[in-house]
Amino acid sequence: MMDLQQRFSHYLQQLRAMLLKVPEPLFDSSLAPDMFPLATHAKIAANFSLRGYCPLIGCEPVSFIRPEQTRAAVLQQIDDSLQYLAKAKPVTQFDDSVMLSDKAGFNQLELCQSDFINVYIFPNFLFHISMVYAIARANGVALSKGDFDGLHSYPEGFSFIE
């Protein structure tokens, strides 16, 4: 079974691989005018990994976000996050007597460690990666479920619909 470091690292690597397939001009694209663009979703996803992991190891969350909305800036943030996770103290179990706080939009949260990760951090991490996938696919980038999860495999051109 993957530990938490491995799980975050696995999906950050999948995000990285997807971003390499996305043309640079699409980094400013969004699904709707009132939604974040692809680059911002990728940055937020990478940031959620450390926003969740750091409190579990007793340190303030670290962020490697860069202001540029470029592929290079986002890839560097992901690489820095992966390096940080690789060197971080392992989390072998949650201590649900420890409450963790964060802000979810305008809502202040206080959750035990397991809920903090499993109910708040990881779903939001995957949501933002899903938005990257959705924006890329909506703009014609050839991605599959395998690009998202690293597990599925389909032949090129395969479609369940056609």
# chains A, B, ... in the order shown; residues from 1 in each chain; ligands from 1

call {"tool": "residues_around", "arguments": {"residues": "A:Leu38", "least_positions_apart": "5", "cutoff": "10 Å", "atoms": "only C-alpha atoms", "output": "list of chain:residue names"}}
result
A:Leu19, A:Val22, A:Leu26, A:Phe27, A:Asp28, A:Ser29, A:Ser30, A:Leu31, A:Lys43, A:Ile44, A:Gln69, A:His128, A:Ile129, A:Met131, A:Val132, A:Tyr133, A:Ala134, A:Ile135, A:Ala136

call {"tool": "select_by_dssp", "arguments": {"residues": "stretch 3-153 of chain A", "states": "strand (DSSP E)", "output": "VMD selection string"}}
result
chain A and resid 99 to 104 107 to 112

call {"tool": "closest_residue", "arguments": {"among": "A:Ala42, A:Val74, A:Leu50, A:Leu82", "to": "A:Ser9", "atoms": "only C-alpha atoms"}}
result
A:Leu82

call {"tool": "atom_distance", "arguments": {"atom1": "atom CA of A:His152", "atom2": "atom CA of A:Phe122"}}
result
20.2 Å

call {"tool": "closest_residue", "arguments": {"among": "A:Arg137, A:Lys145, A:Arg51, A:Lys103", "to": "A:Phe8", "atoms": "only C-alpha atoms"}}
result
A:Arg51

call {"tool": "atom_distance", "arguments": {"atom1": "atom CA of A:Leu20", "atom2": "atom CA of A:Phe148"}}
result
12.8 Å

call {"tool": "closest_residue", "arguments": {"among": "A:Pro123, A:Asp96, A:Glu60, A:Asp34", "to": "A:Glu110", "atoms": "only C-alpha atoms"}}
result
A:Asp96

call {"tool": "closest_residue", "arguments": {"among": "A:Gln5, A:Thr40, A:Asn118, A:Ser153", "to": "A:Glu68", "atoms": "only C-alpha atoms"}}
result
A:Thr40

call {"tool": "atom_distance", "arguments": {"atom1": "atom CA of A:Phe48", "atom2": "atom CA of A:Asn124"}}
result
7.3 Å

call {"tool": "residues_around", "arguments": {"residues": "A:Ser101", "least_positions_apart": "3", "cutoff": "10 Å", "atoms": "only C-alpha atoms", "output": "list in words"}}
result
Pro55, Ala104, Gln108, Leu109, Glu110, Leu111, Cys112, Gln113 and Phe116 of chain A

call {"tool": "write_last_selection", "arguments": {"atoms": "N, CA and C atoms", "output": "PDB file, in the first residue's frame"}}
result
ATOM      1  N   PRO A  55       1.666  20.035   8.043  1.00  0.00           N
ATOM      2  CA  PRO A  55       1.107  20.017   9.401  1.00  0.00           C
ATOM      3  C   PRO A  55       1.193  18.640  10.075  1.00  0.00           C
ATOM      4  N   ALA A 104     -10.853  26.861   4.155  1.00  0.00           N
ATOM      5  CA  ALA A 104     -11.422  26.312   2.923  1.00  0.00           C
ATOM      6  C   ALA A 104     -12.358  27.365   2.353  1.00  0.00           C
ATOM      7  N   GLN A 108     -13.465  28.430   7.987  1.00  0.00           N
ATOM      8  CA  GLN A 108     -12.349  27.999   8.814  1.00  0.00           C
ATOM      9  C   GLN A 108     -12.620  26.564   9.270  1.00  0.00           C
ATOM     10  N   LEU A 109     -11.690  25.667   8.981  1.00  0.00           N
ATOM     11  CA  LEU A 109     -11.841  24.253   9.340  1.00  0.00           C
ATOM     12  C   LEU A 109     -10.978  23.906  10.533  1.00  0.00           C
ATOM     13  N   GLU A 110     -11.432  22.951  11.295  1.00  0.00           N
ATOM     14  CA  GLU A 110     -10.616  22.309  12.312  1.00  0.00           C
ATOM     15  C   GLU A 110     -11.000  20.835  12.282  1.00  0.00           C
ATOM     16  N   LEU A 111     -10.051  20.015  11.838  1.00  0.00           N
ATOM     17  CA  LEU A 111     -10.316  18.589  11.636  1.00  0.00           C
ATOM     18  C   LEU A 111      -9.211  17.757  12.274  1.00  0.00           C
ATOM     19  N   CYS A 112      -9.584  16.551  12.705  1.00  0.00           N
ATOM     20  CA  CYS A 112      -8.554  15.632  13.184  1.00  0.00           C
ATOM     21  C   CYS A 112      -7.669  15.246  11.988  1.00  0.00           C
ATOM     22  N   GLN A 113      -6.493  14.727  12.265  1.00  0.00           N
ATOM     23  CA  GLN A 113      -5.520  14.470  11.197  1.00  0.00           C
ATOM     24  C   GLN A 113      -6.067  13.600  10.074  1.00  0.00           C
ATOM     25  N   PHE A 116      -8.569  15.591   8.118  1.00  0.00           N
ATOM     26  CA  PHE A 116      -7.863  16.682   7.439  1.00  0.00           C
ATOM     27  C   PHE A 116      -7.308  16.184   6.104  1.00  0.00           C
TER      28      PHE A 116
END

call {"tool": "select_by_dssp", "arguments": {"residues": "stretch 2-65 of chain A", "states": "alpha helix (DSSP H)", "output": "number ranges by chain"}}
result
A: 4-21, 38-56

call {"tool": "decode", "arguments": {"residues": "stretch 130-142 of chain A", "atoms": "all heavy atoms", "output": "short mmCIF file (atom, residue, chain, number, x, y, z; two decimals), in the first residue's frame"}}
result
data_model
loop_
_atom_site.label_atom_id
_atom_site.label_comp_id
_atom_site.auth_asym_id
_atom_site.auth_seq_id
_atom_site.Cartn_x
_atom_site.Cartn_y
_atom_site.Cartn_z
N SER A 130 -7.90 17.24 -11.44
CA SER A 130 -9.00 16.94 -12.36
C SER A 130 -9.36 18.15 -13.22
O SER A 130 -9.70 18.00 -14.41
CB SER A 130 -10.25 16.50 -11.59
OG SER A 130 -10.01 15.31 -10.90
N MET A 131 -9.28 19.34 -12.65
CA MET A 131 -9.56 20.55 -13.43
C MET A 131 -8.50 20.74 -14.52
O MET A 131 -8.83 21.13 -15.64
CB MET A 131 -9.63 21.78 -12.52
CG MET A 131 -10.82 21.81 -11.60
SD MET A 131 -12.41 21.86 -12.50
CE MET A 131 -12.89 20.14 -12.42
N VAL A 132 -7.23 20.45 -14.21
CA VAL A 132 -6.18 20.51 -15.23
C VAL A 132 -6.54 19.55 -16.36
O VAL A 132 -6.50 19.92 -17.54
CB VAL A 132 -4.79 20.18 -14.63
CG1 VAL A 132 -3.75 19.99 -15.74
CG2 VAL A 132 -4.36 21.26 -13.65
N TYR A 133 -6.88 18.33 -16.00
CA TYR A 133 -7.25 17.31 -16.98
C TYR A 133 -8.45 17.78 -17.81
O TYR A 133 -8.43 17.71 -19.05
CB TYR A 133 -7.58 15.99 -16.26
CG TYR A 133 -8.02 14.88 -17.17
CD1 TYR A 133 -7.08 14.01 -17.71
CD2 TYR A 133 -9.36 14.70 -17.49
CE1 TYR A 133 -7.48 12.97 -18.55
CE2 TYR A 133 -9.76 13.68 -18.32
CZ TYR A 133 -8.82 12.82 -18.85
OH TYR A 133 -9.22 11.81 -19.68
N ALA A 134 -9.50 18.29 -17.15
CA ALA A 134 -10.71 18.72 -17.84
C ALA A 134 -10.45 19.88 -18.80
O ALA A 134 -10.94 19.88 -19.93
CB ALA A 134 -11.79 19.10 -16.82
N ILE A 135 -9.68 20.86 -18.36
CA ILE A 135 -9.37 22.01 -19.23
C ILE A 135 -8.56 21.54 -20.44
O ILE A 135 -8.85 21.94 -21.58
CB ILE A 135 -8.62 23.11 -18.45
CG1 ILE A 135 -9.54 23.72 -17.38
CG2 ILE A 135 -8.10 24.20 -19.39
CD1 ILE A 135 -8.81 24.57 -16.35
N ALA A 136 -7.59 20.69 -20.20
CA ALA A 136 -6.77 20.19 -21.30
C ALA A 136 -7.63 19.40 -22.29
O ALA A 136 -7.55 19.64 -23.51
CB ALA A 136 -5.62 19.33 -20.76
N ARG A 137 -8.46 18.49 -21.79
CA ARG A 137 -9.31 17.68 -22.67
C ARG A 137 -10.32 18.56 -23.43
O ARG A 137 -10.57 18.34 -24.61
CB ARG A 137 -10.06 16.62 -21.86
CG ARG A 137 -9.18 15.50 -21.38
CD ARG A 137 -8.67 14.60 -22.50
NE ARG A 137 -9.78 13.89 -23.10
CZ ARG A 137 -10.02 13.82 -24.41
NH1 ARG A 137 -9.21 14.39 -25.27
NH2 ARG A 137 -11.06 13.17 -24.86
N ALA A 138 -10.91 19.54 -22.74
CA ALA A 138 -11.88 20.43 -23.39
C ALA A 138 -11.24 21.24 -24.51
O ALA A 138 -11.93 21.71 -25.41
CB ALA A 138 -12.50 21.37 -22.35
N ASN A 139 -9.92 21.35 -24.47
CA ASN A 139 -9.19 22.09 -25.50
C ASN A 139 -8.46 21.17 -26.46
O ASN A 139 -7.53 21.60 -27.15
CB ASN A 139 -8.23 23.09 -24.85
CG ASN A 139 -8.96 24.28 -24.30
OD1 ASN A 139 -9.31 25.19 -25.04
ND2 ASN A 139 -9.24 24.27 -23.00
N GLY A 140 -8.84 19.91 -26.49
CA GLY A 140 -8.35 18.98 -27.49
C GLY A 140 -7.04 18.27 -27.19
O GLY A 140 -6.50 17.58 -28.06
N VAL A 141 -6.52 18.38 -25.98
CA VAL A 141 -5.28 17.68 -25.63
C VAL A 141 -5.60 16.19 -25.46
O VAL A 141 -6.55 15.83 -24.77
CB VAL A 141 -4.63 18.24 -24.35
CG1 VAL A 141 -3.38 17.47 -23.98
CG2 VAL A 141 -4.31 19.73 -24.53
N ALA A 142 -4.83 15.36 -26.11
CA ALA A 142 -5.05 13.91 -26.07
C ALA A 142 -4.53 13.34 -24.75
O ALA A 142 -3.35 13.01 -24.62
CB ALA A 142 -4.37 13.24 -27.25
#
